[in-house]
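Visitor: For reference, the structure I am asking about is given below.
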Amino acid sequence: MASSSTFDVALQAKIKHHLERFETRRSAILPILNDIHQQYGFVSPAQVQALEDEFDLPRLQVQEVISFYSRYRQQQPSRYHVQFCDNIVCRMFASQQLIAKLKAKAAGCAAGTLSVEPVPCLGVCDGAPAMLVNDERHLRVTCDNLDGIIDDYLQRASDA
Amino acid sequence: MPDNLTKVKILTAFEGVPDSRTLTCYEAGGGYQALRKALALPPSEITAIVKASGLRGRGGAGFPTGLKWSFVPQDSDMPKYLVCNNDEGEPGTFKDRYICELSPHMLVEGMAISARAFGANKGYIYTRYEFFEEIAWLRTAIDEAYAAGYLGKNILASGFDFDLDHYEGAGAYICGEETGLLSSLEGKKGQPKLKPPFPAVSGYLGCPTIVNNTETLAAVPWIITHGAEAYRKIGTEKSAGTKLFCISGHVQKPGVYELPLGYPFMKFFAEEAGGMAAGRELKGCIPGGASAPILTPAELQDATLDYEDLAAKGSMLGSGAVIIVDAEQPMVELLKVVVDFFHHESCGQCTPCREGTGWLANIMHAYVKGEGKESDLPLMHNISQQMMGRTICALSDAAAMPTQAIVQKYQDELKNYLQAKAG
């Protein structure tokens, strides 16, 4: 398993840890998928197959979870994926205009650099409007500061 | 203010204290003394104290906490579990996040005490994954508590074992419903289960399980330290203690405020939150998260923040998420966002919910475009009526109740919108 695994050694260790962590192996599915997401940003069909082949996790059970929860993607996301809250309170603070602005900005970037997804309440309504850029939270986003926040990320991408 | 409505800092005791998340700081402020006290009591006495305190579930349903614990069969030889519902997803709600930010140890201590009460040796905190920082803080608190002997085997040499782990969700509002949460914790789709059996009898993996909200569990250490009577003296007869209220919208000072239950709404709104932001006018208030029916300014004048008064006004205290709606907010837009949300989050098991939320969303999408009819309003009322009380969980009702309230209370505005679009 070690050399031919779909997952690197660190991720293999995490998967094994999760499989032993709970009362049933099935409870490990979400933590395993969350770790795969943390590392790759998505879970591929090959990885789902590998979870079955290498760790004996039934593909049906894994696919059930992937299809139900909104976090799980099956395609590689953009390098910077923005989840913009578009629920009641953020809507009062112009989330729609900000999302439109972000979409226009994403369209002007190289493919695979920036994407935006309107999402339900992020639970930070006192800082509305709110967004997550990958796993970093930004509050009180405005038409004036949005460009600066995103440009910082894009700069990092071009520096890397 | 009368004594019962005098502000007391229980859940926010560490507000403004530097490094309040650390174990050192929490212990310096008296933290984990309640656990020591509780471990010296017979477990049934802990349940009796919490019952007598009048503490009710702070997640939204308001069920008496001690009573819930007493449903765990004590003669069962199955393992028992305590699960903290930290999957804060009700739109407008951000109070549990505040506890994670301020005092994660208060939650850990509350869980250890509560687990002791009904004999759980294993617990989980289930948090929505979008709370990246908060999850890290909770994990640190758990690690610190293990290292200090407040979790694990033979806690403080009492003979009581309690292991606590953290579990993160993956984006599903329905996992905030207790049986949906347990399905998720079992590694499945987060679909709710029919009750009875209630989780206290058959929950996680079919074992007796108590699911309590973060804010509920965090109140337990104070109750053990100060006694049931002291907690009962705060608030009203049916709504004892303090509650976190998270206020948002165009107000001067949005944020989380701890207030005695029964506190006058207008006093909270005007004095704590500072009233409306400059140039904004109050048009309504959703007092308990997206599923709570909206109240008009007239209804708010004498409203008090407790379970009974808001219920009497046809709404609910819910999660304590106070969403202020201002005059610039078109109600047609608000209603569309609400029904879209519930349609998106319906798990799809029950037809009245899966189809009903979809119908409401379809109607509103056309309505917003000016393609609706005045008869859509009674139609939406009727659809909502048929969505209530007919499903496994309360999501369907949660979509129907606010819809009916907006359609009824703001019908003139909704009708005028159509005419303006047509004109």
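The way I read the labels, and the way they are meant: chains A, B, ... in the order of the structure tokens, residue 1 as the first residue of every chain, and ligand 1 as the first ligand shown, with later ones counted on from there.
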Name the residues of range 153-338 of chain B that come out as helix (DSSP H, G or I) in a backbone DSSP run; write them as an MDAnalysis selection string.

Guide: chainID B and resid 155:157 173:176 178:185 204:206 214:226 228:232 265:272 297:300 307:312 331:338

Visitor: Which residues of chain B sit at most 7 Å from chain A, using only C-alpha atoms? Give each one's shortest atom pair and distance in Å (one decimal place), in chain and ascending residue order, as CSV.

Guide:
```
residue,atom,partner,partner_atom,distance
B:Glu88,CA,A:Gly123,CA,6.8
B:Gly89,CA,A:Gly123,CA,6.4
B:Pro91,CA,A:Cys121,CA,5.2
B:Gly92,CA,A:Cys125,CA,5.9
B:Thr93,CA,A:Gly123,CA,5.8
B:Phe94,CA,A:Gly123,CA,4.9
B:Glu130,CA,A:Leu122,CA,6.9
B:Phe132,CA,A:Asp135,CA,6.6
B:Ala170,CA,A:Arg71,CA,5.2
B:Gly171,CA,A:Ser70,CA,5.0
B:Ala172,CA,A:Tyr69,CA,5.8
B:Leu185,CA,A:Ser27,CA,5.9
B:Glu186,CA,A:Ser27,CA,4.6
B:Gly187,CA,A:Ser27,CA,4.0
B:Lys188,CA,A:Val65,CA,6.0
B:Lys189,CA,A:Val65,CA,5.6
B:Ser248,CA,A:Asp126,CA,5.4
B:Gly249,CA,A:Val89,CA,5.8
B:Pro254,CA,A:Asp126,CA,5.1
B:Gly255,CA,A:Asp126,CA,5.2
B:Gln329,CA,A:Met92,CA,6.8
B:Leu334,CA,A:Ile88,CA,6.6
B:Val337,CA,A:Ile88,CA,6.4
B:Phe341,CA,A:Pro120,CA,6.9
```

Visitor: Write out as a compact mmCIF listing (two decimals) with N, CA, C and O atoms, in the first residue's frame which residues come within 6 Å of Ser115 in chain A when counting only C-alpha atoms, dropping same-chain ones fewer than 4 positions away.

Guide:
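This went into result.txt:
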```
# COMPACT_ATOMS: atom_id res chain seq x y z
N SER A 78 -11.18 26.43 -8.27
CA SER A 78 -10.18 27.45 -8.57
C SER A 78 -9.21 27.55 -7.40
O SER A 78 -9.51 27.13 -6.29
N HIS A 81 -11.28 30.00 -4.01
CA HIS A 81 -12.72 29.81 -4.13
C HIS A 81 -13.41 30.65 -3.05
O HIS A 81 -13.14 30.49 -1.86
N ALA A 106 -13.69 37.43 -11.50
CA ALA A 106 -13.24 36.06 -11.79
C ALA A 106 -13.16 35.82 -13.29
O ALA A 106 -12.24 35.16 -13.78
```

Visitor: Set the distance at 12 Å and use only C-alpha atoms: which residues neighbour Asp151 in chain A once local chain neighbours fewer than 2 positions away are removed? I'd like the list as a ChimeraX atom specification.

Guide: /A:80,102,105-106,109,113-114,133,145-149,153-159

Visitor: Would you mind exporting the chosen residues as a CSV table (one decimal), in the first residue's frame, restricted to C-alpha atoms?

Guide:
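The resulting file, part-v9.csv, is shown below:
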```csv
chain,number,residue,atom,x,y,z
A,80,TYR,CA,-9.1,30.8,-4.7
A,102,LEU,CA,-16.6,39.1,-7.9
A,105,LYS,CA,-13.5,39.9,-11.6
A,106,ALA,CA,-13.2,36.1,-11.8
A,109,CYS,CA,-8.7,36.2,-14.3
A,113,THR,CA,-7.7,31.2,-10.5
A,114,LEU,CA,-10.8,32.7,-8.9
A,133,VAL,CA,-11.8,32.9,0.7
A,145,ASN,CA,-12.4,47.0,0.0
A,146,LEU,CA,-13.3,43.9,-2.1
A,147,ASP,CA,-10.8,44.5,-4.8
A,148,GLY,CA,-8.0,44.9,-2.3
A,149,ILE,CA,-8.8,41.7,-0.4
A,153,TYR,CA,-4.7,36.6,-2.9
A,154,LEU,CA,-4.1,37.0,-6.6
A,155,GLN,CA,-0.7,38.6,-5.9
A,156,ARG,CA,0.2,35.6,-3.7
A,157,ALA,CA,-0.8,33.3,-6.6
A,158,SER,CA,1.5,35.1,-9.0
A,159,ASP,CA,4.4,35.3,-6.5
```
